[in-house]
Every structure is written in C-alpha cells, then in structure tokens.
Amino acid sequence: MATAHPRAHRRPATRRRVLAAVGVVTLTVACAGTEPETTPDGSSSVTAAVGEEDAAASVRVVAVGDIACEPGEPVTPTQCQQAATARLTTSLDPDAVIALGDMQYETGSADGFHDSYSKSWGPLLPLTRPTPGNHEYNSTAAAGYFDYFGDPPPWYAWDAGAWRVYMVNSNCGDVDCDAQEEWLDAELTSNDHDCAALVMHYPRYSSGKHGSADFMSRFWEVAYSHHVDLALAGHDHDYERFAPMDADGQVRPGRGITSFVAGTGGKSLYERGEPVAGSEYFQNSAFGVLSLTLSPRDFSWSFLDTERSVLDEGSAACI
C-alpha cells in the first residue's frame, strides 16, 4: 500500500471479523413521492435529503455497482452473488444506498429488473440513489432502469447529511454530457456544503480489466476545481482505492479527489489490468460493498466482503 497522504488516517488492510453491525442515524430519506426540481436539460437538484433533520450527524451510505445476473443464471461462488451482497448491505443498516450502475445484466430490461435485481436488492429500493451504467442503456433509452427506479432525472444532486452528492450519468453516447458538465459546474459553484462527492459508473481511474475512462476527465476537472472530496464508480468488477488525484493522473496529497471503484455487487469478478499510478488498494477475489460514513468535515470507509470481513478501511478529512 502506498504511504498515507497527509490529510488521511488509514489502518492497514485486515481480514478481521465484524462482530455486529454499527448503529447509524435514523433514516430520513424521501425517494418515492419526492418531486425534484428539473431543469430543461433534464438535470435536477433533489431538495429532500438523507439525514436532513440533523445535518450535523454522520450518515451511513453503502455504495456498489455491477450487481444482478440475468434471470435464471446459476449462482456459483464466482458469479450471481447479488443476494449475498444485498444481505450484507441490509445488515449494515445504511441511511442510503448508492447504486453505481450496471445493476441488471445484460440489457437492463424491465423484465430483468423485475425477475432478478428486485428479488435480491428490491427491499433496498426505498433507500437507493441510482446512476445508470452502460448495460442499462442496452435497452432503448435505458427504459428498464428509469421505470424500475421511478423515473429519476438522468443526472441529479442530493444531500446526505452535511454532504452534497452529485450523480453523473457517464453514458455520454446516450446523454448530453456538454449540458451535464455545465450543470455540474453551476451546481458546484452554488454549493455551500463543506464536503462533496461525485458519483458515476465509468471510473476516471481503474487498474481493472476495462481500465481508466479518460473521457471522464471533463467531469473530474470541474470537480477538482471546486474541491470535491470523494469520487465513486463501478464498471470494473473489482474493488480499488486511489490516493487523492487530480484529473490529469497526478497524486495531489491534501488537495486531490479520493476515488473508489466498487464493481463487486455480485455479477462476476474481473482479472486485474494494467496497474494505474495512485492505486493504494486493489482486490478482485471477493464480492462485497463499500460502506462510507459521511460526517460534516470528514469521511471514513470500509470495504466488507460477503463474509463480513473488512478488507480495506480508513478515513480522510474533507478538503
């Protein structure tokens, strides 16, 4: 593991058994029934928030993507572990779930969501804040995704306690990313939160099979200029954590965006690709989820496998 950067405290990776779920703040989330304010470009700022009754409290968020196999695919130790990751997530008692795209393989169809994803992750739907992946767009206009999740905006922002979270739609062949980039810049310019997170499906940095998505640098440049603290992505079926980075591949201790790839939601696991500079932890042998505690001026993380062992953990201050 690389040396910890100055703004972070990290404990060595272990495989300790977690004895009990950690208690978290009372859930205050408005998904169904919440009407976001939508702009003509299709973007939205969601005003209802997780933990909005006490913005000074910490909020527990679970994030993962690349989740459910096609209906009827057999469950084996190396594929279709979506039920196991759903059980793990439920046991962590999160305030919100961030679904990092490719929730339903192979085409993200309405039938697929109903017959596979819903049978494992369905009970977590009221907590879920989704962003679509490339497999969702294997159905025309990602219709199955938008239908299942209650027609969320293509991209949007929401509050998680004291944090502002920006949900970017990284399928630039299917949505207007020029308009989306302008929206992100305007939203961040008006943001009065001390801490902020950027969420997308395609990772700016990845040492996995697919590797880094260079086209995501446009969003990272905006986020970096506005001192965003955290970035979450899926797409590669592994778990990886990066040191604070800028949009150009440089490690920036105390200034850059700490980023995670969490594509370990159940579908399958990929081989490792070319290692990318700045990678501080990588694993592709276990399914699991990323658990984040978002506090008013800092955040902490732990990656847990489906046996509830903690493989990676640490904390960092907001920029």
# chains A, B, ... in the order shown; residues from 1 in each chain; ligands from 1
>>> residues_around(residues="segment 81-87 of chain A", least_positions_apart="4", cutoff="6 Å", atoms="only C-alpha atoms", output="MDAnalysis selection string")
chainID A and resid 67:68 120:121 266 288
>>> residues_around(residues="Cys80 of chain A", least_positions_apart="6", cutoff="9 Å", atoms="only C-alpha atoms", output="list of chain:residue names")
A:Ile67, A:Ala68, A:Cys69, A:Glu70, A:Glu73, A:Pro74, A:Gly265, A:Gly266, A:Lys267, A:Ser268
>>> residues_around(residues="segment 289-299 of chain A", least_positions_apart="6", cutoff="10 Å", atoms="only C-alpha atoms", output="PDB file with N, CA, C and O atoms, in the first residue's frame")
ATOM      1  N   ARG A   7      -3.671  14.239   4.653  1.00  0.00           N
ATOM      2  CA  ARG A   7      -4.998  14.538   5.179  1.00  0.00           C
ATOM      3  C   ARG A   7      -5.756  13.292   5.572  1.00  0.00           C
ATOM      4  O   ARG A   7      -6.913  13.364   5.939  1.00  0.00           O
ATOM      5  N   ALA A   8      -5.141  12.142   5.466  1.00  0.00           N
ATOM      6  CA  ALA A   8      -5.870  10.908   5.748  1.00  0.00           C
ATOM      7  C   ALA A   8      -5.194  10.106   6.835  1.00  0.00           C
ATOM      8  O   ALA A   8      -3.988  10.123   6.995  1.00  0.00           O
ATOM      9  N   VAL A  24     -26.421   3.424  13.283  1.00  0.00           N
ATOM     10  CA  VAL A  24     -26.334   4.640  12.480  1.00  0.00           C
ATOM     11  C   VAL A  24     -27.515   5.536  12.790  1.00  0.00           C
ATOM     12  O   VAL A  24     -28.428   5.174  13.510  1.00  0.00           O
ATOM     13  N   ALA A  55     -28.234  17.839  10.004  1.00  0.00           N
ATOM     14  CA  ALA A  55     -27.114  17.864   9.069  1.00  0.00           C
ATOM     15  C   ALA A  55     -25.778  17.712   9.774  1.00  0.00           C
ATOM     16  O   ALA A  55     -24.765  17.462   9.131  1.00  0.00           O
ATOM     17  N   ALA A  56     -25.755  17.876  11.107  1.00  0.00           N
ATOM     18  CA  ALA A  56     -24.513  17.719  11.846  1.00  0.00           C
ATOM     19  C   ALA A  56     -24.202  16.255  12.146  1.00  0.00           C
ATOM     20  O   ALA A  56     -23.105  15.932  12.597  1.00  0.00           O
ATOM     21  N   ALA A  57     -25.163  15.374  11.911  1.00  0.00           N
ATOM     22  CA  ALA A  57     -24.965  13.960  12.205  1.00  0.00           C
ATOM     23  C   ALA A  57     -24.237  13.266  11.067  1.00  0.00           C
ATOM     24  O   ALA A  57     -24.244  13.717   9.924  1.00  0.00           O
ATOM     25  N   SER A  58     -23.607  12.151  11.374  1.00  0.00           N
ATOM     26  CA  SER A  58     -22.983  11.326  10.351  1.00  0.00           C
ATOM     27  C   SER A  58     -24.036  10.482   9.647  1.00  0.00           C
ATOM     28  O   SER A  58     -25.052  10.118  10.236  1.00  0.00           O
ATOM     29  N   VAL A  59     -23.778  10.182   8.384  1.00  0.00           N
ATOM     30  CA  VAL A  59     -24.692   9.405   7.565  1.00  0.00           C
ATOM     31  C   VAL A  59     -23.955   8.176   7.044  1.00  0.00           C
ATOM     32  O   VAL A  59     -22.830   8.275   6.555  1.00  0.00           O
ATOM     33  N   ARG A  60     -24.576   7.021   7.171  1.00  0.00           N
ATOM     34  CA  ARG A  60     -24.004   5.772   6.657  1.00  0.00           C
ATOM     35  C   ARG A  60     -24.550   5.515   5.257  1.00  0.00           C
ATOM     36  O   ARG A  60     -25.760   5.437   5.057  1.00  0.00           O
ATOM     37  N   VAL A  61     -23.647   5.377   4.287  1.00  0.00           N
ATOM     38  CA  VAL A  61     -24.009   5.111   2.900  1.00  0.00           C
ATOM     39  C   VAL A  61     -23.280   3.860   2.436  1.00  0.00           C
ATOM     40  O   VAL A  61     -22.081   3.694   2.706  1.00  0.00           O
ATOM     41  N   VAL A  62     -23.976   2.981   1.760  1.00  0.00           N
ATOM     42  CA  VAL A  62     -23.354   1.820   1.113  1.00  0.00           C
ATOM     43  C   VAL A  62     -23.363   2.053  -0.390  1.00  0.00           C
ATOM     44  O   VAL A  62     -24.386   2.458  -0.958  1.00  0.00           O
ATOM     45  N   ALA A  63     -22.217   1.816  -1.035  1.00  0.00           N
ATOM     46  CA  ALA A  63     -22.090   2.025  -2.481  1.00  0.00           C
ATOM     47  C   ALA A  63     -21.542   0.772  -3.142  1.00  0.00           C
ATOM     48  O   ALA A  63     -20.577   0.164  -2.654  1.00  0.00           O
ATOM     49  N   VAL A  64     -22.142   0.400  -4.275  1.00  0.00           N
ATOM     50  CA  VAL A  64     -21.647  -0.730  -5.064  1.00  0.00           C
ATOM     51  C   VAL A  64     -22.376  -0.732  -6.402  1.00  0.00           C
ATOM     52  O   VAL A  64     -23.472  -0.179  -6.539  1.00  0.00           O
ATOM     53  N   GLY A  65     -21.774  -1.338  -7.394  1.00  0.00           N
ATOM     54  CA  GLY A  65     -22.400  -1.491  -8.694  1.00  0.00           C
ATOM     55  C   GLY A  65     -22.144  -2.861  -9.276  1.00  0.00           C
ATOM     56  O   GLY A  65     -21.564  -3.731  -8.627  1.00  0.00           O
ATOM     57  N   THR A  85     -24.647  -9.919  -1.508  1.00  0.00           N
ATOM     58  CA  THR A  85     -24.293  -8.515  -1.280  1.00  0.00           C
ATOM     59  C   THR A  85     -25.501  -7.724  -0.780  1.00  0.00           C
ATOM     60  O   THR A  85     -25.342  -6.773  -0.004  1.00  0.00           O
ATOM     61  N   ALA A  86     -26.703  -8.114  -1.191  1.00  0.00           N
ATOM     62  CA  ALA A  86     -27.902  -7.457  -0.670  1.00  0.00           C
ATOM     63  C   ALA A  86     -28.065  -7.741   0.822  1.00  0.00           C
ATOM     64  O   ALA A  86     -28.393  -6.842   1.604  1.00  0.00           O
ATOM     65  N   LEU A  88     -25.672  -8.453   2.931  1.00  0.00           N
ATOM     66  CA  LEU A  88     -24.623  -7.700   3.599  1.00  0.00           C
ATOM     67  C   LEU A  88     -25.029  -6.238   3.752  1.00  0.00           C
ATOM     68  O   LEU A  88     -24.885  -5.644   4.832  1.00  0.00           O
ATOM     69  N   THR A  89     -25.529  -5.645   2.687  1.00  0.00           N
ATOM     70  CA  THR A  89     -25.944  -4.246   2.735  1.00  0.00           C
ATOM     71  C   THR A  89     -27.044  -4.033   3.762  1.00  0.00           C
ATOM     72  O   THR A  89     -26.996  -3.089   4.558  1.00  0.00           O
ATOM     73  N   LEU A  92     -25.865  -3.845   7.327  1.00  0.00           N
ATOM     74  CA  LEU A  92     -25.139  -2.632   7.693  1.00  0.00           C
ATOM     75  C   LEU A  92     -26.064  -1.476   8.053  1.00  0.00           C
ATOM     76  O   LEU A  92     -25.601  -0.435   8.502  1.00  0.00           O
ATOM     77  N   PRO A  94     -27.884   0.856   6.356  1.00  0.00           N
ATOM     78  CA  PRO A  94     -27.487   2.164   5.822  1.00  0.00           C
ATOM     79  C   PRO A  94     -28.628   3.163   5.809  1.00  0.00           C
ATOM     80  O   PRO A  94     -29.809   2.804   5.778  1.00  0.00           O
ATOM     81  N   ASP A  95     -28.246   4.440   5.791  1.00  0.00           N
ATOM     82  CA  ASP A  95     -29.217   5.506   5.579  1.00  0.00           C
ATOM     83  C   ASP A  95     -29.555   5.644   4.113  1.00  0.00           C
ATOM     84  O   ASP A  95     -30.637   6.113   3.763  1.00  0.00           O
ATOM     85  N   VAL A  97     -28.363   3.963  -0.072  1.00  0.00           N
ATOM     86  CA  VAL A  97     -27.598   3.069  -0.929  1.00  0.00           C
ATOM     87  C   VAL A  97     -27.336   3.792  -2.243  1.00  0.00           C
ATOM     88  O   VAL A  97     -28.270   4.312  -2.861  1.00  0.00           O
ATOM     89  N   ILE A  98     -26.074   3.843  -2.658  1.00  0.00           N
ATOM     90  CA  ILE A  98     -25.722   4.405  -3.953  1.00  0.00           C
ATOM     91  C   ILE A  98     -25.441   3.241  -4.898  1.00  0.00           C
ATOM     92  O   ILE A  98     -24.506   2.468  -4.685  1.00  0.00           O
ATOM     93  N   ALA A 160     -26.693  14.318   1.580  1.00  0.00           N
ATOM     94  CA  ALA A 160     -26.511  13.210   2.518  1.00  0.00           C
ATOM     95  C   ALA A 160     -25.949  13.807   3.799  1.00  0.00           C
ATOM     96  O   ALA A 160     -24.737  13.981   3.936  1.00  0.00           O
ATOM     97  N   GLY A 161     -26.833  14.176   4.718  1.00  0.00           N
ATOM     98  CA  GLY A 161     -26.388  14.895   5.899  1.00  0.00           C
ATOM     99  C   GLY A 161     -25.767  16.221   5.484  1.00  0.00           C
ATOM    100  O   GLY A 161     -26.372  17.019   4.768  1.00  0.00           O
ATOM    101  N   ALA A 162     -24.521  16.448   5.898  1.00  0.00           N
ATOM    102  CA  ALA A 162     -23.811  17.687   5.571  1.00  0.00           C
ATOM    103  C   ALA A 162     -23.162  17.642   4.192  1.00  0.00           C
ATOM    104  O   ALA A 162     -22.561  18.627   3.768  1.00  0.00           O
ATOM    105  N   TRP A 163     -23.262  16.523   3.488  1.00  0.00           N
ATOM    106  CA  TRP A 163     -22.618  16.349   2.188  1.00  0.00           C
ATOM    107  C   TRP A 163     -23.582  16.657   1.046  1.00  0.00           C
ATOM    108  O   TRP A 163     -24.790  16.429   1.151  1.00  0.00           O
ATOM    109  N   HIS A 193     -21.904  23.467   0.762  1.00  0.00           N
ATOM    110  CA  HIS A 193     -21.536  22.364   1.650  1.00  0.00           C
ATOM    111  C   HIS A 193     -20.011  22.286   1.776  1.00  0.00           C
ATOM    112  O   HIS A 193     -19.279  22.568   0.826  1.00  0.00           O
ATOM    113  N   ASP A 194     -19.535  21.884   2.942  1.00  0.00           N
ATOM    114  CA  ASP A 194     -18.089  21.727   3.142  1.00  0.00           C
ATOM    115  C   ASP A 194     -17.538  20.489   2.453  1.00  0.00           C
ATOM    116  O   ASP A 194     -16.352  20.435   2.125  1.00  0.00           O
ATOM    117  N   CYS A 195     -18.373  19.480   2.245  1.00  0.00           N
ATOM    118  CA  CYS A 195     -17.922  18.205   1.684  1.00  0.00           C
ATOM    119  C   CYS A 195     -18.812  17.824   0.507  1.00  0.00           C
ATOM    120  O   CYS A 195     -20.037  18.054   0.544  1.00  0.00           O
ATOM    121  N   ALA A 196     -18.209  17.216  -0.517  1.00  0.00           N
ATOM    122  CA  ALA A 196     -18.971  16.856  -1.712  1.00  0.00           C
ATOM    123  C   ALA A 196     -18.421  15.580  -2.318  1.00  0.00           C
ATOM    124  O   ALA A 196     -17.224  15.284  -2.224  1.00  0.00           O
ATOM    125  N   ALA A 197     -19.307  14.825  -2.962  1.00  0.00           N
ATOM    126  CA  ALA A 197     -18.944  13.575  -3.617  1.00  0.00           C
ATOM    127  C   ALA A 197     -19.469  13.564  -5.047  1.00  0.00           C
ATOM    128  O   ALA A 197     -20.540  14.110  -5.332  1.00  0.00           O
ATOM    129  N   ASP A 229     -14.385  16.152  -2.753  1.00  0.00           N
ATOM    130  CA  ASP A 229     -13.569  15.326  -1.869  1.00  0.00           C
ATOM    131  C   ASP A 229     -13.479  13.861  -2.269  1.00  0.00           C
ATOM    132  O   ASP A 229     -12.461  13.207  -2.028  1.00  0.00           O
ATOM    133  N   LEU A 230     -14.543  13.333  -2.868  1.00  0.00           N
ATOM    134  CA  LEU A 230     -14.713  11.892  -3.000  1.00  0.00           C
ATOM    135  C   LEU A 230     -15.346  11.568  -4.341  1.00  0.00           C
ATOM    136  O   LEU A 230     -16.243  12.284  -4.792  1.00  0.00           O
ATOM    137  N   LEU A 232     -16.901   8.086  -6.624  1.00  0.00           N
ATOM    138  CA  LEU A 232     -17.298   6.681  -6.582  1.00  0.00           C
ATOM    139  C   LEU A 232     -17.682   6.220  -7.973  1.00  0.00           C
ATOM    140  O   LEU A 232     -18.350   6.939  -8.716  1.00  0.00           O
ATOM    141  N   TYR A 239     -12.608  -4.171  -6.499  1.00  0.00           N
ATOM    142  CA  TYR A 239     -12.607  -3.046  -5.571  1.00  0.00           C
ATOM    143  C   TYR A 239     -11.222  -2.417  -5.595  1.00  0.00           C
ATOM    144  O   TYR A 239     -10.208  -3.117  -5.491  1.00  0.00           O
ATOM    145  N   PHE A 260     -12.815   5.684  -5.501  1.00  0.00           N
ATOM    146  CA  PHE A 260     -13.036   4.258  -5.294  1.00  0.00           C
ATOM    147  C   PHE A 260     -13.720   3.662  -6.522  1.00  0.00           C
ATOM    148  O   PHE A 260     -14.586   4.297  -7.124  1.00  0.00           O
ATOM    149  N   VAL A 261     -13.345   2.439  -6.857  1.00  0.00           N
ATOM    150  CA  VAL A 261     -14.094   1.597  -7.781  1.00  0.00           C
ATOM    151  C   VAL A 261     -14.697   0.472  -6.947  1.00  0.00           C
ATOM    152  O   VAL A 261     -13.978  -0.216  -6.216  1.00  0.00           O
ATOM    153  N   ALA A 262     -16.002   0.294  -7.037  1.00  0.00           N
ATOM    154  CA  ALA A 262     -16.679  -0.765  -6.282  1.00  0.00           C
ATOM    155  C   ALA A 262     -17.661  -1.476  -7.211  1.00  0.00           C
ATOM    156  O   ALA A 262     -18.863  -1.250  -7.163  1.00  0.00           O
ATOM    157  N   GLY A 263     -17.110  -2.316  -8.071  1.00  0.00           N
ATOM    158  CA  GLY A 263     -17.916  -3.084  -9.009  1.00  0.00           C
ATOM    159  C   GLY A 263     -18.094  -4.524  -8.580  1.00  0.00           C
ATOM    160  O   GLY A 263     -18.147  -5.439  -9.419  1.00  0.00           O
ATOM    161  N   THR A 264     -18.213  -4.728  -7.277  1.00  0.00           N
ATOM    162  CA  THR A 264     -18.218  -6.060  -6.673  1.00  0.00           C
ATOM    163  C   THR A 264     -19.601  -6.459  -6.180  1.00  0.00           C
ATOM    164  O   THR A 264     -19.731  -7.224  -5.229  1.00  0.00           O
ATOM    165  N   GLY A 265     -20.651  -5.963  -6.861  1.00  0.00           N
ATOM    166  CA  GLY A 265     -22.004  -6.167  -6.368  1.00  0.00           C
ATOM    167  C   GLY A 265     -22.592  -7.545  -6.571  1.00  0.00           C
ATOM    168  O   GLY A 265     -23.662  -7.834  -6.044  1.00  0.00           O
ATOM    169  N   GLY A 266     -21.921  -8.409  -7.359  1.00  0.00           N
ATOM    170  CA  GLY A 266     -22.424  -9.776  -7.463  1.00  0.00           C
ATOM    171  C   GLY A 266     -22.307 -10.436  -8.811  1.00  0.00           C
ATOM    172  O   GLY A 266     -22.278 -11.665  -8.898  1.00  0.00           O
ATOM    173  N   ASP A 305     -16.350  -7.841   2.641  1.00  0.00           N
ATOM    174  CA  ASP A 305     -16.760  -8.914   1.752  1.00  0.00           C
ATOM    175  C   ASP A 305     -18.031  -9.553   2.282  1.00  0.00           C
ATOM    176  O   ASP A 305     -18.538  -9.176   3.349  1.00  0.00           O
ATOM    177  N   THR A 306     -18.569 -10.503   1.562  1.00  0.00           N
ATOM    178  CA  THR A 306     -19.864 -11.090   1.926  1.00  0.00           C
ATOM    179  C   THR A 306     -19.787 -11.963   3.175  1.00  0.00           C
ATOM    180  O   THR A 306     -20.828 -12.361   3.703  1.00  0.00           O
ATOM    181  N   ARG A 308     -18.464 -10.638   5.769  1.00  0.00           N
ATOM    182  CA  ARG A 308     -18.397  -9.547   6.736  1.00  0.00           C
ATOM    183  C   ARG A 308     -16.986  -9.298   7.253  1.00  0.00           C
ATOM    184  O   ARG A 308     -16.780  -8.724   8.328  1.00  0.00           O
ATOM    185  N   VAL A 310     -13.537  -7.179   6.942  1.00  0.00           N
ATOM    186  CA  VAL A 310     -13.116  -5.863   6.449  1.00  0.00           C
ATOM    187  C   VAL A 310     -11.769  -6.009   5.754  1.00  0.00           C
ATOM    188  O   VAL A 310     -10.773  -6.401   6.359  1.00  0.00           O
ATOM    189  N   ASP A 312     -10.427  -3.442   3.635  1.00  0.00           N
ATOM    190  CA  ASP A 312      -9.768  -2.144   3.495  1.00  0.00           C
ATOM    191  C   ASP A 312     -10.566  -1.135   4.296  1.00  0.00           C
ATOM    192  O   ASP A 312     -11.804  -1.188   4.320  1.00  0.00           O
ATOM    193  N   GLU A 313      -9.880  -0.234   4.963  1.00  0.00           N
ATOM    194  CA  GLU A 313     -10.581   0.776   5.762  1.00  0.00           C
ATOM    195  C   GLU A 313      -9.676   1.975   5.978  1.00  0.00           C
ATOM    196  O   GLU A 313      -8.456   1.895   5.860  1.00  0.00           O
ATOM    197  N   GLY A 314     -10.289   3.100   6.286  1.00  0.00           N
ATOM    198  CA  GLY A 314      -9.525   4.301   6.541  1.00  0.00           C
ATOM    199  C   GLY A 314     -10.422   5.498   6.684  1.00  0.00           C
ATOM    200  O   GLY A 314     -11.653   5.382   6.724  1.00  0.00           O
ATOM    201  N   SER A 315      -9.822   6.676   6.742  1.00  0.00           N
ATOM    202  CA  SER A 315     -10.586   7.914   6.880  1.00  0.00           C
ATOM    203  C   SER A 315      -9.786   9.062   6.315  1.00  0.00           C
ATOM    204  O   SER A 315      -8.560   8.976   6.138  1.00  0.00           O
ATOM    205  N   ALA A 316     -10.461  10.149   5.995  1.00  0.00           N
ATOM    206  CA  ALA A 316      -9.810  11.344   5.466  1.00  0.00           C
ATOM    207  C   ALA A 316     -10.655  12.558   5.783  1.00  0.00           C
ATOM    208  O   ALA A 316     -11.881  12.470   5.916  1.00  0.00           O
ATOM    209  N   ALA A 317      -9.999  13.701   5.904  1.00  0.00           N
ATOM    210  CA  ALA A 317     -10.697  14.956   6.104  1.00  0.00           C
ATOM    211  C   ALA A 317     -11.173  15.504   4.758  1.00  0.00           C
ATOM    212  O   ALA A 317     -10.575  15.227   3.711  1.00  0.00           O
ATOM    213  N   CYS A 318     -12.240  16.281   4.792  1.00  0.00           N
ATOM    214  CA  CYS A 318     -12.652  16.974   3.589  1.00  0.00           C
ATOM    215  C   CYS A 318     -11.623  18.066   3.250  1.00  0.00           C
ATOM    216  O   CYS A 318     -10.904  18.557   4.133  1.00  0.00           O
ATOM    217  N   ILE A 319     -11.565  18.432   1.998  1.00  0.00           N
ATOM    218  CA  ILE A 319     -10.556  19.394   1.545  1.00  0.00           C
ATOM    219  C   ILE A 319     -10.884  20.793   2.069  1.00  0.00           C
ATOM    220  O   ILE A 319     -12.029  21.227   1.979  1.00  0.00           O
TER     221      ILE A 319
END
>>> atom_distance(atom1="atom CA of Tyr281 of chain A", atom2="atom CA of Asn169 of chain A")
25.7 Å
>>> atom_distance(atom1="atom CA of Trp183 of chain A", atom2="atom CA of Phe242 of chain A")
26.1 Å
>>> select_by_dssp(residues="segment 152-316 of chain A", states="alpha helix (DSSP H)", output="VMD selection string")
chain A and resid 177 to 190 217 to 225
>>> atom_distance(atom1="atom CA of Ile257 of chain A", atom2="atom CA of Ala231 of chain A")
6.6 Å
>>> select_by_dssp(residues="segment 34-171 of chain A", states="strand (DSSP E)", output="list of chain:residue names")
A:Glu37, A:Thr38, A:Ser43, A:Ser44, A:Ser45, A:Val59, A:Arg60, A:Val61, A:Val62, A:Ala63, A:Val64, A:Ala96, A:Val97, A:Ile98, A:Ala99, A:Thr128, A:Arg129, A:Pro130, A:Trp155, A:Tyr156, A:Ala157, A:Trp158, A:Asp159, A:Ala160, A:Trp163, A:Arg164, A:Val165, A:Tyr166, A:Met167
>>> residues_around(residues="Arg272 of chain A", least_positions_apart="5", cutoff="12 Å", atoms="only C-alpha atoms", output="PDB file with N, CA, C and O atoms, in the first residue's frame")
ATOM      1  N   SER A 206      -8.764   3.400 -12.963  1.00  0.00           N
ATOM      2  CA  SER A 206      -9.016   1.995 -12.658  1.00  0.00           C
ATOM      3  C   SER A 206      -7.859   1.143 -13.150  1.00  0.00           C
ATOM      4  O   SER A 206      -7.370   1.337 -14.264  1.00  0.00           O
ATOM      5  N   SER A 207      -7.458   0.193 -12.306  1.00  0.00           N
ATOM      6  CA  SER A 207      -6.465  -0.809 -12.693  1.00  0.00           C
ATOM      7  C   SER A 207      -7.126  -2.119 -13.089  1.00  0.00           C
ATOM      8  O   SER A 207      -6.468  -3.152 -13.181  1.00  0.00           O
ATOM      9  N   GLY A 208      -8.424  -2.079 -13.328  1.00  0.00           N
ATOM     10  CA  GLY A 208      -9.167  -3.280 -13.668  1.00  0.00           C
ATOM     11  C   GLY A 208      -9.114  -3.608 -15.143  1.00  0.00           C
ATOM     12  O   GLY A 208      -8.367  -3.014 -15.924  1.00  0.00           O
ATOM     13  N   LYS A 209      -9.937  -4.546 -15.522  1.00  0.00           N
ATOM     14  CA  LYS A 209      -9.977  -5.059 -16.894  1.00  0.00           C
ATOM     15  C   LYS A 209     -10.222  -3.958 -17.915  1.00  0.00           C
ATOM     16  O   LYS A 209      -9.559  -3.892 -18.959  1.00  0.00           O
ATOM     17  N   HIS A 210     -11.176  -3.081 -17.660  1.00  0.00           N
ATOM     18  CA  HIS A 210     -11.505  -2.017 -18.604  1.00  0.00           C
ATOM     19  C   HIS A 210     -10.549  -0.840 -18.517  1.00  0.00           C
ATOM     20  O   HIS A 210     -10.372  -0.106 -19.486  1.00  0.00           O
ATOM     21  N   GLY A 211      -9.973  -0.619 -17.353  1.00  0.00           N
ATOM     22  CA  GLY A 211      -9.032   0.467 -17.169  1.00  0.00           C
ATOM     23  C   GLY A 211      -9.700   1.818 -16.973  1.00  0.00           C
ATOM     24  O   GLY A 211     -10.922   1.940 -16.851  1.00  0.00           O
ATOM     25  N   ASP A 236     -15.604  -1.700 -13.617  1.00  0.00           N
ATOM     26  CA  ASP A 236     -14.685  -2.827 -13.447  1.00  0.00           C
ATOM     27  C   ASP A 236     -15.113  -3.629 -12.234  1.00  0.00           C
ATOM     28  O   ASP A 236     -15.395  -3.070 -11.161  1.00  0.00           O
ATOM     29  N   HIS A 237     -15.146  -4.945 -12.411  1.00  0.00           N
ATOM     30  CA  HIS A 237     -15.681  -5.828 -11.371  1.00  0.00           C
ATOM     31  C   HIS A 237     -14.586  -6.179 -10.362  1.00  0.00           C
ATOM     32  O   HIS A 237     -14.078  -7.304 -10.303  1.00  0.00           O
ATOM     33  N   ASP A 238     -14.240  -5.191  -9.570  1.00  0.00           N
ATOM     34  CA  ASP A 238     -13.230  -5.328  -8.531  1.00  0.00           C
ATOM     35  C   ASP A 238     -13.442  -4.204  -7.539  1.00  0.00           C
ATOM     36  O   ASP A 238     -14.348  -3.383  -7.696  1.00  0.00           O
ATOM     37  N   TYR A 239     -12.608  -4.171  -6.499  1.00  0.00           N
ATOM     38  CA  TYR A 239     -12.607  -3.046  -5.571  1.00  0.00           C
ATOM     39  C   TYR A 239     -11.222  -2.417  -5.595  1.00  0.00           C
ATOM     40  O   TYR A 239     -10.208  -3.117  -5.491  1.00  0.00           O
ATOM     41  N   GLU A 240     -11.202  -1.082  -5.729  1.00  0.00           N
ATOM     42  CA  GLU A 240      -9.926  -0.382  -5.769  1.00  0.00           C
ATOM     43  C   GLU A 240     -10.092   0.996  -5.124  1.00  0.00           C
ATOM     44  O   GLU A 240     -11.120   1.639  -5.270  1.00  0.00           O
ATOM     45  N   PHE A 282      -6.141  -2.760  -4.026  1.00  0.00           N
ATOM     46  CA  PHE A 282      -6.874  -3.434  -5.107  1.00  0.00           C
ATOM     47  C   PHE A 282      -7.174  -4.856  -4.670  1.00  0.00           C
ATOM     48  O   PHE A 282      -6.311  -5.548  -4.106  1.00  0.00           O
ATOM     49  N   GLN A 283      -8.396  -5.312  -4.943  1.00  0.00           N
ATOM     50  CA  GLN A 283      -8.720  -6.726  -4.749  1.00  0.00           C
ATOM     51  C   GLN A 283      -9.779  -7.140  -5.751  1.00  0.00           C
ATOM     52  O   GLN A 283     -10.711  -6.386  -6.049  1.00  0.00           O
ATOM     53  N   ASN A 284      -9.643  -8.338  -6.277  1.00  0.00           N
ATOM     54  CA  ASN A 284     -10.611  -8.882  -7.233  1.00  0.00           C
ATOM     55  C   ASN A 284     -10.932 -10.341  -6.916  1.00  0.00           C
ATOM     56  O   ASN A 284     -11.255 -11.113  -7.814  1.00  0.00           O
ATOM     57  N   SER A 285     -10.861 -10.688  -5.624  1.00  0.00           N
ATOM     58  CA  SER A 285     -11.123 -12.069  -5.222  1.00  0.00           C
ATOM     59  C   SER A 285     -12.391 -12.221  -4.399  1.00  0.00           C
ATOM     60  O   SER A 285     -12.779 -13.359  -4.085  1.00  0.00           O
TER      61      SER A 285
END
>>> closest_residue(among="A:Ser139, A:Val251, A:Phe149, A:Thr107", to="Leu124 of chain A", atoms="only C-alpha atoms")
A:Phe149
